[in-house]
Amino acid sequence: MTTLPPQPLSPLDGRYRSAVGTLGEHLSEAGLNRARVHVEVEWLIAQTDRGFFGTSPLTDDQKAALRRVVTDFGQPDIDELATLEATTRHDVKAVEYYVRRRLSDLNLDHLAELTHFACTSEDINNLSYAVTVRDAVQQVWLPKYRAVIATIAELARAHRDDAMLSRTHGQPATPSTMGKELAVFVYRLERIAKQVEASEYLGKFSGATGTFSAHVVAAPDVSWPEVSRDFVESLGLTWNPLTTQIESHDWQAELYGRISHANRVLHNLATDIWTYISLGIFRQTPVAGATGSSTMPHKVNPIRFENAEANLELSSAVLDSLAATLVTSRLQRDLTDSSAQRNIGLGFGHSMLALDNIQRGLGEIDLDLAVLAADLDGNWEVLGEAIQTVIRAEVAAGRSSIADPYALLKELTRGKRIGQADLVEFVNGLEIGDDAKQRLLALTPGTYTGIASSLVDHI
């Protein structure tokens with residue numbers, strides 16, 4: 001057997017790359033290294049802007065040239081960093097040497113010793129992870145998540161008046177509308193979207209144990225906490241003043257918890273849609289040329305929603321593990337977070353893949369109104385709730401003396417299939433006011449939906 005050429009180990013980097021590849025711009029090793037270079041470059045500029053150690057502020061052209069090192073970062077730079085790391089055996093040190101080389105290229109060698117000045121590796125790493133995760137969430141994950149919410153909302157509005165039999169505990173129950181049921185998911189997912197949008201991305205920049213010790217020895221007259229705060233905030237992050245060597249990662253645990261929560265709500269949506277398809281309530285639109293089963297030609301399988309379920313579970317497993325792991329670091333620092341954080345992209349990738357499947361799946365289904373109508377017409381017993389509630393109101397108003405209306409309807413309907421004629425006969429025999437009786441006689445399972453349609457306006 002021949003040996004295969006190098007292959008991607010994760011399907012996210014192989015089979016499913018087209019659906020999740022945009023995350024690689026941020027949550028990849030290359031994306032992380034570019035962010036590290038960005039932090040190092042901005043720290044150089046910040047120091048010269050303040051005239052540290054006799055330096056003069058860089059000209060606008062010099063700053064632009066330095067920043068182009070970041071904006072033009074590409075495959076040659078990725079390769080160069082890999083070569084440097086092969087020698088240094090240290091990823092952040094490789095970045096430092098890379099930046100020093102660029103300073104030399106730009107005739108800025110006199111700034112070489114300000115590269116990585118007073119920094120521990122984690123000063124660079126925590127800011128780089130915060131920047132890459134923030135950008136991945138705001139530029140990639142959230143837009144896809146919101147697109148899915150918009151698709152569900154569109155379906156909710158389109159089907160706001162389409163009555164359907166509810167199934168509490170899997171059994172026939174008070175009817176609703178498909179639009180209202182989908183709107184429930186929109187409301188849940190929208191709440192989480194707002195929480196994710198409000199997330200803080202914290203950063204520290206305070207040295208080997210968070211004490212500014214080297215900083216103070218090198219320049220005792222500088223207000224280093226002020227410099228640290230200004231620098232962290234210049235990157236669009238929230239400053240964390242109290243840390244060990246590492247930023248404590250609580251913001252990551254909070255964020256990943258929210259994404260995992262979103263995953264689970266989406267999982268609920270996927271299982272509900274799958275069930276509606278199984279019941280024939282939603283028809284799947286056959287895709288030309290597609291095969292549902294290798295042996296049963298008739299099948300159109302709900303694979304979009306099944307794939308979404310699996311990927312949502314994988315995403316939450318990774319993100320939950322990260323949230324649990326990252327908040328603990330022994331004493332002033334251990335390296336458990338280093339390997340863990342390299343899997344952030346994995347957690348987001350599986351969520352992105354699920355979002356892609358759900359959005360595609362929702363575009364390949366149609367509501368079968370005939371099935372909905374037949375379902376409702378076969379379950380007139382669900383009006384038992386309405387009848388016994390009206391009787392109670394009539395008794396309370398003094399227009400009826402019926403004892404225990406609930407028990408009366410329970411005897412009529414529990415565990416039985418009854419039709420329209422049975423209910424008409426029963427209602428006609430009730431001792432209730434004429435207005436109430438006429439309301440009940442006019443009621444059908446298809447009209448017994450309360451204000452379900454107008455509830456959709458809450459999305």
# chains A, B, ... in the order shown; residues from 1 in each chain; ligands from 1
>>> residues_around(residues="range 218-221 of chain A", least_positions_apart="6", cutoff="12 Å", atoms="only C-alpha atoms", output="JSON list (two decimals) with N, CA, C and O atoms, in the first residue's frame")
[["chain", "number", "residue", "atom", "x", "y", "z"],
["A", 52, "PHE", "N", 10.30, 56.77, 24.70],
["A", 52, "PHE", "CA", 11.01, 55.96, 25.68],
["A", 52, "PHE", "C", 12.49, 55.87, 25.35],
["A", 52, "PHE", "O", 12.89, 55.66, 24.20],
["A", 53, "PHE", "N", 13.32, 56.02, 26.38],
["A", 53, "PHE", "CA", 14.77, 55.80, 26.30],
["A", 53, "PHE", "C", 15.42, 56.63, 25.18],
["A", 53, "PHE", "O", 16.29, 56.16, 24.47],
["A", 54, "GLY", "N", 14.93, 57.85, 25.04],
["A", 54, "GLY", "CA", 15.55, 58.77, 24.11],
["A", 54, "GLY", "C", 15.15, 58.61, 22.67],
["A", 54, "GLY", "O", 15.71, 59.28, 21.78],
["A", 114, "LEU", "N", 13.91, 47.56, 21.53],
["A", 114, "LEU", "CA", 12.56, 47.85, 22.01],
["A", 114, "LEU", "C", 11.56, 46.81, 21.53],
["A", 114, "LEU", "O", 10.40, 46.82, 21.95],
["A", 117, "PHE", "N", 10.04, 44.58, 24.30],
["A", 117, "PHE", "CA", 10.61, 45.17, 25.50],
["A", 117, "PHE", "C", 9.74, 44.94, 26.73],
["A", 117, "PHE", "O", 8.54, 45.22, 26.73],
["A", 118, "ALA", "N", 10.35, 44.41, 27.80],
["A", 118, "ALA", "CA", 9.70, 44.16, 29.09],
["A", 118, "ALA", "C", 8.51, 43.21, 28.98],
["A", 118, "ALA", "O", 7.65, 43.18, 29.86],
["A", 212, "PHE", "N", 4.79, 44.39, 36.81],
["A", 212, "PHE", "CA", 5.56, 45.46, 36.15],
["A", 212, "PHE", "C", 6.98, 45.57, 36.71],
["A", 212, "PHE", "O", 7.61, 46.63, 36.66],
["A", 227, "VAL", "N", 0.50, 53.26, 30.98],
["A", 227, "VAL", "CA", 0.99, 52.85, 29.66],
["A", 227, "VAL", "C", 0.33, 51.55, 29.24],
["A", 227, "VAL", "O", -0.11, 51.39, 28.08]]
>>> residues_around(residues="Lys437 in chain A", least_positions_apart="2", cutoff="12 Å", atoms="only C-alpha atoms", output="PyMOL selection string")
chain A and resi 386-388+390-391+393-394+399-400+423-435+439-443
>>> select_by_dssp(residues="range 132-277 of chain A", states="strand (DSSP E or B)", output="NGL selection string")
:A and (163-168 or 171-177 or 202-203 or 238-239)
>>> write_last_selection(atoms="N, CA and C atoms", output="PDB file, in the first residue's frame")
ATOM      1  N   ALA A 163     -51.862  27.107  11.131  1.00  0.00           N
ATOM      2  CA  ALA A 163     -52.164  26.364  12.351  1.00  0.00           C
ATOM      3  C   ALA A 163     -51.579  24.962  12.299  1.00  0.00           C
ATOM      4  N   MET A 164     -51.111  24.495  13.454  1.00  0.00           N
ATOM      5  CA  MET A 164     -50.537  23.154  13.553  1.00  0.00           C
ATOM      6  C   MET A 164     -50.898  22.547  14.902  1.00  0.00           C
ATOM      7  N   LEU A 165     -50.989  21.249  14.909  1.00  0.00           N
ATOM      8  CA  LEU A 165     -51.208  20.535  16.156  1.00  0.00           C
ATOM      9  C   LEU A 165     -49.921  20.551  16.963  1.00  0.00           C
ATOM     10  N   SER A 166     -50.019  20.987  18.206  1.00  0.00           N
ATOM     11  CA  SER A 166     -48.846  20.909  19.082  1.00  0.00           C
ATOM     12  C   SER A 166     -48.707  19.503  19.619  1.00  0.00           C
ATOM     13  N   ARG A 167     -47.521  19.199  20.122  1.00  0.00           N
ATOM     14  CA  ARG A 167     -47.296  17.875  20.710  1.00  0.00           C
ATOM     15  C   ARG A 167     -46.452  18.037  21.969  1.00  0.00           C
ATOM     16  N   THR A 168     -47.132  18.211  23.096  1.00  0.00           N
ATOM     17  CA  THR A 168     -46.413  18.234  24.359  1.00  0.00           C
ATOM     18  C   THR A 168     -46.240  16.791  24.814  1.00  0.00           C
ATOM     19  N   GLN A 171     -47.486  14.087  22.517  1.00  0.00           N
ATOM     20  CA  GLN A 171     -48.913  13.767  22.395  1.00  0.00           C
ATOM     21  C   GLN A 171     -49.681  14.993  21.889  1.00  0.00           C
ATOM     22  N   PRO A 172     -50.814  14.775  21.188  1.00  0.00           N
ATOM     23  CA  PRO A 172     -51.601  15.894  20.685  1.00  0.00           C
ATOM     24  C   PRO A 172     -51.928  16.894  21.791  1.00  0.00           C
ATOM     25  N   ALA A 173     -51.736  18.169  21.505  1.00  0.00           N
ATOM     26  CA  ALA A 173     -51.938  19.215  22.508  1.00  0.00           C
ATOM     27  C   ALA A 173     -52.490  20.461  21.840  1.00  0.00           C
ATOM     28  N   THR A 174     -52.790  21.473  22.649  1.00  0.00           N
ATOM     29  CA  THR A 174     -53.383  22.719  22.171  1.00  0.00           C
ATOM     30  C   THR A 174     -52.650  23.240  20.938  1.00  0.00           C
ATOM     31  N   PRO A 175     -53.376  23.472  19.833  1.00  0.00           N
ATOM     32  CA  PRO A 175     -52.727  23.915  18.595  1.00  0.00           C
ATOM     33  C   PRO A 175     -51.997  25.244  18.735  1.00  0.00           C
ATOM     34  N   SER A 176     -51.044  25.426  17.852  1.00  0.00           N
ATOM     35  CA  SER A 176     -50.270  26.660  17.756  1.00  0.00           C
ATOM     36  C   SER A 176     -50.195  27.007  16.273  1.00  0.00           C
ATOM     37  N   THR A 177     -49.254  27.821  15.890  1.00  0.00           N
ATOM     38  CA  THR A 177     -48.952  28.003  14.468  1.00  0.00           C
ATOM     39  C   THR A 177     -47.462  27.716  14.274  1.00  0.00           C
ATOM     40  N   LEU A 202     -10.671  40.777  27.223  1.00  0.00           N
ATOM     41  CA  LEU A 202      -9.716  41.358  28.148  1.00  0.00           C
ATOM     42  C   LEU A 202      -8.277  41.099  27.736  1.00  0.00           C
ATOM     43  N   GLY A 203      -7.392  42.023  28.151  1.00  0.00           N
ATOM     44  CA  GLY A 203      -5.981  41.849  27.890  1.00  0.00           C
ATOM     45  C   GLY A 203      -5.138  42.371  29.041  1.00  0.00           C
ATOM     46  N   THR A 238     -10.285  45.326  26.504  1.00  0.00           N
ATOM     47  CA  THR A 238     -10.528  45.830  27.851  1.00  0.00           C
ATOM     48  C   THR A 238      -9.339  45.470  28.741  1.00  0.00           C
ATOM     49  N   TRP A 239      -8.800  46.433  29.434  1.00  0.00           N
ATOM     50  CA  TRP A 239      -7.596  46.237  30.244  1.00  0.00           C
ATOM     51  C   TRP A 239      -7.908  45.468  31.523  1.00  0.00           C
TER      52      TRP A 239
END
>>> select_by_dssp(residues="range 170-360 of chain A", states="alpha helix (DSSP H)", output="PyMOL selection string")
chain A and resi 178-197+213-218+224-234+250-278+303-326+336-341+344-360
>>> residues_around(residues="Arg360 in chain A", least_positions_apart="4", cutoff="12 Å", atoms="only C-alpha atoms", output="compact mmCIF listing (two decimals) with C-alpha atoms, in the first residue's frame")
# COMPACT_ATOMS: atom_id res chain seq x y z
CA ALA A 19 -17.90 26.10 4.90
CA LYS A 144 -23.32 33.61 10.02
CA ALA A 147 -28.00 35.03 9.00
CA VAL A 148 -29.46 31.82 10.42
CA THR A 151 -33.74 32.81 7.92
CA ILE A 152 -35.73 31.37 10.83
CA ALA A 270 -32.48 20.91 14.46
CA GLN A 284 -37.81 18.24 1.79
CA THR A 285 -37.10 19.63 -1.65
CA VAL A 287 -31.84 18.39 -5.01
CA PRO A 302 -32.76 15.18 6.59
CA ILE A 303 -28.97 15.10 6.57
CA ARG A 304 -28.53 18.86 6.96
CA PHE A 305 -30.15 18.77 10.38
CA ASN A 307 -25.06 16.89 10.45
CA ALA A 308 -25.86 20.08 12.34
CA LEU A 353 -20.33 24.08 9.98
CA ALA A 354 -23.57 23.45 11.85
CA LEU A 355 -24.81 26.95 11.06
CA ASP A 356 -24.09 26.33 7.39
CA GLU A 364 -34.68 23.01 1.32
CA ILE A 365 -37.99 22.44 3.14
>>> closest_residue(among="A:Cys119, A:Asp230, A:Ser453, A:Ala130", to="Ala214 in chain A", atoms="only C-alpha atoms")
A:Cys119
>>> residues_around(residues="Tyr256 in chain A", least_positions_apart="2", cutoff="7 Å", atoms="only C-alpha atoms", output="PyMOL selection string")
chain A and resi 252-254+258-260+319-320+323
>>> write_last_selection(atoms="N, CA, C and O atoms", output="PDB file, in the first residue's frame")
ATOM      1  N   GLN A 252     -12.865  34.441  28.218  1.00  0.00           N
ATOM      2  CA  GLN A 252     -12.984  33.346  27.250  1.00  0.00           C
ATOM      3  C   GLN A 252     -14.019  32.332  27.732  1.00  0.00           C
ATOM      4  O   GLN A 252     -14.856  31.853  26.953  1.00  0.00           O
ATOM      5  N   ALA A 253     -13.958  31.987  29.027  1.00  0.00           N
ATOM      6  CA  ALA A 253     -14.929  31.036  29.566  1.00  0.00           C
ATOM      7  C   ALA A 253     -16.347  31.556  29.393  1.00  0.00           C
ATOM      8  O   ALA A 253     -17.268  30.803  29.034  1.00  0.00           O
ATOM      9  N   GLU A 254     -16.532  32.851  29.631  1.00  0.00           N
ATOM     10  CA  GLU A 254     -17.866  33.446  29.481  1.00  0.00           C
ATOM     11  C   GLU A 254     -18.326  33.390  28.022  1.00  0.00           C
ATOM     12  O   GLU A 254     -19.472  33.019  27.735  1.00  0.00           O
ATOM     13  N   ARG A 258     -21.389  31.150  26.178  1.00  0.00           N
ATOM     14  CA  ARG A 258     -22.496  31.721  25.391  1.00  0.00           C
ATOM     15  C   ARG A 258     -22.608  31.045  24.024  1.00  0.00           C
ATOM     16  O   ARG A 258     -23.711  30.755  23.551  1.00  0.00           O
ATOM     17  N   ILE A 259     -21.463  30.801  23.394  1.00  0.00           N
ATOM     18  CA  ILE A 259     -21.493  30.125  22.091  1.00  0.00           C
ATOM     19  C   ILE A 259     -22.038  28.708  22.260  1.00  0.00           C
ATOM     20  O   ILE A 259     -22.840  28.230  21.441  1.00  0.00           O
ATOM     21  N   SER A 260     -21.619  28.032  23.326  1.00  0.00           N
ATOM     22  CA  SER A 260     -22.106  26.679  23.593  1.00  0.00           C
ATOM     23  C   SER A 260     -23.611  26.689  23.849  1.00  0.00           C
ATOM     24  O   SER A 260     -24.336  25.788  23.410  1.00  0.00           O
ATOM     25  N   LEU A 319     -15.757  23.677  23.316  1.00  0.00           N
ATOM     26  CA  LEU A 319     -15.867  24.970  23.985  1.00  0.00           C
ATOM     27  C   LEU A 319     -16.102  24.810  25.486  1.00  0.00           C
ATOM     28  O   LEU A 319     -15.563  25.584  26.289  1.00  0.00           O
ATOM     29  N   ASP A 320     -16.884  23.811  25.877  1.00  0.00           N
ATOM     30  CA  ASP A 320     -17.086  23.566  27.304  1.00  0.00           C
ATOM     31  C   ASP A 320     -15.779  23.151  27.970  1.00  0.00           C
ATOM     32  O   ASP A 320     -15.476  23.548  29.099  1.00  0.00           O
ATOM     33  N   ALA A 323     -13.656  26.258  28.339  1.00  0.00           N
ATOM     34  CA  ALA A 323     -14.156  27.113  29.414  1.00  0.00           C
ATOM     35  C   ALA A 323     -13.776  26.567  30.779  1.00  0.00           C
ATOM     36  O   ALA A 323     -13.463  27.326  31.705  1.00  0.00           O
TER      37      ALA A 323
END
>>> residues_around(residues="Thr115 in chain A", least_positions_apart="3", cutoff="7 Å", atoms="only C-alpha atoms", output="PyMOL selection string")
chain A and resi 40+44+96+100+111-112
>>> write_last_selection(atoms="N, CA and C atoms", output="short mmCIF file (atom, residue, chain, number, x, y, z; two decimals), in the first residue's frame")
data_model
loop_
_atom_site.label_atom_id
_atom_site.label_comp_id
_atom_site.auth_asym_id
_atom_site.auth_seq_id
_atom_site.Cartn_x
_atom_site.Cartn_y
_atom_site.Cartn_z
N GLU A 40 3.38 43.21 18.53
CA GLU A 40 4.78 43.64 18.65
C GLU A 40 5.01 44.97 17.94
N LEU A 44 6.04 48.66 19.62
CA LEU A 44 7.16 49.48 19.17
C LEU A 44 6.72 50.91 18.90
N GLU A 96 9.57 37.56 17.64
CA GLU A 96 10.45 38.68 17.98
C GLU A 96 11.59 38.81 16.95
N ARG A 100 12.44 41.89 14.36
CA ARG A 100 13.77 42.52 14.30
C ARG A 100 14.28 42.54 12.85
N LEU A 111 15.86 50.53 16.80
CA LEU A 111 14.72 50.19 17.65
C LEU A 111 14.71 48.71 18.05
N ALA A 112 15.73 47.98 17.62
CA ALA A 112 15.71 46.53 17.80
C ALA A 112 15.48 46.12 19.24
#
>>> atom_distance(atom1="CA of Thr244 in chain A", atom2="CA of Gln332 in chain A")
5.0 Å
>>> residues_around(residues="Arg330 in chain A", least_positions_apart="5", cutoff="12 Å", atoms="only C-alpha atoms", output="VMD selection string")
chain A and resid 244 to 246 248 325 335 to 337
>>> write_last_selection(atoms="all heavy atoms", output="tab-separated table (two decimals), in the first residue's frame")
chain	number	residue	atom	x	y	z
A	244	THR	N	-1.83	37.22	37.02
A	244	THR	CA	-0.54	36.58	37.23
A	244	THR	C	0.27	36.79	35.96
A	244	THR	O	0.11	37.82	35.30
A	244	THR	CB	-0.73	35.08	37.52
A	244	THR	OG1	-1.39	34.47	36.39
A	244	THR	CG2	-1.59	34.86	38.77
A	245	GLN	N	1.09	35.82	35.58
A	245	GLN	CA	1.78	35.96	34.29
A	245	GLN	C	0.78	35.97	33.15
A	245	GLN	O	1.00	36.62	32.13
A	245	GLN	CB	2.78	34.81	34.09
A	245	GLN	CG	3.57	34.93	32.81
A	245	GLN	CD	4.61	33.83	32.65
A	245	GLN	OE1	4.46	32.94	31.81
A	245	GLN	NE2	5.65	33.88	33.47
A	246	ILE	N	-0.34	35.27	33.33
A	246	ILE	CA	-1.33	35.17	32.26
A	246	ILE	C	-2.57	36.00	32.57
A	246	ILE	O	-2.88	36.28	33.74
A	246	ILE	CB	-1.75	33.70	32.02
A	246	ILE	CG1	-2.63	33.18	33.18
A	246	ILE	CG2	-0.56	32.80	31.80
A	246	ILE	CD1	-3.37	31.91	32.87
A	248	SER	N	-6.36	35.99	32.99
A	248	SER	CA	-7.02	34.86	33.66
A	248	SER	C	-8.01	34.09	32.80
A	248	SER	O	-8.53	33.06	33.24
A	248	SER	CB	-7.72	35.37	34.92
A	248	SER	OG	-6.80	36.02	35.77
A	325	THR	N	-11.15	24.46	31.39
A	325	THR	CA	-9.69	24.35	31.52
A	325	THR	C	-9.02	25.70	31.70
A	325	THR	O	-8.12	25.86	32.53
A	325	THR	CB	-9.10	23.65	30.28
A	325	THR	OG1	-9.63	22.33	30.19
A	325	THR	CG2	-7.58	23.58	30.35
A	335	LEU	N	1.34	25.85	31.72
A	335	LEU	CA	1.15	25.88	30.27
A	335	LEU	C	-0.07	25.11	29.77
A	335	LEU	O	-0.18	24.85	28.59
A	335	LEU	CB	2.40	25.34	29.56
A	335	LEU	CG	3.51	26.37	29.28
A	335	LEU	CD1	4.74	25.69	28.70
A	335	LEU	CD2	3.01	27.47	28.34
A	336	THR	N	-0.98	24.77	30.69
A	336	THR	CA	-2.15	24.02	30.22
A	336	THR	C	-2.97	24.82	29.21
A	336	THR	O	-3.62	24.25	28.34
A	336	THR	CB	-3.06	23.64	31.41
A	336	THR	OG1	-3.30	24.81	32.20
A	336	THR	CG2	-2.41	22.57	32.27
A	337	ASP	N	-2.93	26.14	29.32
A	337	ASP	CA	-3.73	26.94	28.39
A	337	ASP	C	-3.13	26.99	27.00
A	337	ASP	O	-3.83	27.26	26.01
A	337	ASP	CB	-3.92	28.36	28.92
A	337	ASP	CG	-2.61	29.14	29.04
A	337	ASP	OD1	-1.55	28.49	29.12
A	337	ASP	OD2	-2.66	30.38	29.07
>>> atom_distance(atom1="CA of His110 in chain A", atom2="CA of Glu42 in chain A")
16.4 Å
>>> atom_distance(atom1="CA of Ala310 in chain A", atom2="CA of Asn357 in chain A")
10.8 Å
>>> closest_residue(among="A:Tyr97, A:Tyr129, A:Phe348, A:Tyr145", to="Arg36 in chain A", atoms="only C-alpha atoms")
A:Tyr129
>>> residues_around(residues="Ile78 in chain A", least_positions_apart="3", cutoff="12 Å", atoms="only C-alpha atoms", output="list in words")
Ser28, Glu29, Ala30, Gly31, Leu32, Asn33, Arg34, Val37, Val70, Asp72, Phe73, Gly74, Gln75, Leu81, Ala82, Thr83, Leu84, Glu85, Asp91, Ala94, Val95 and Tyr98 of chain A
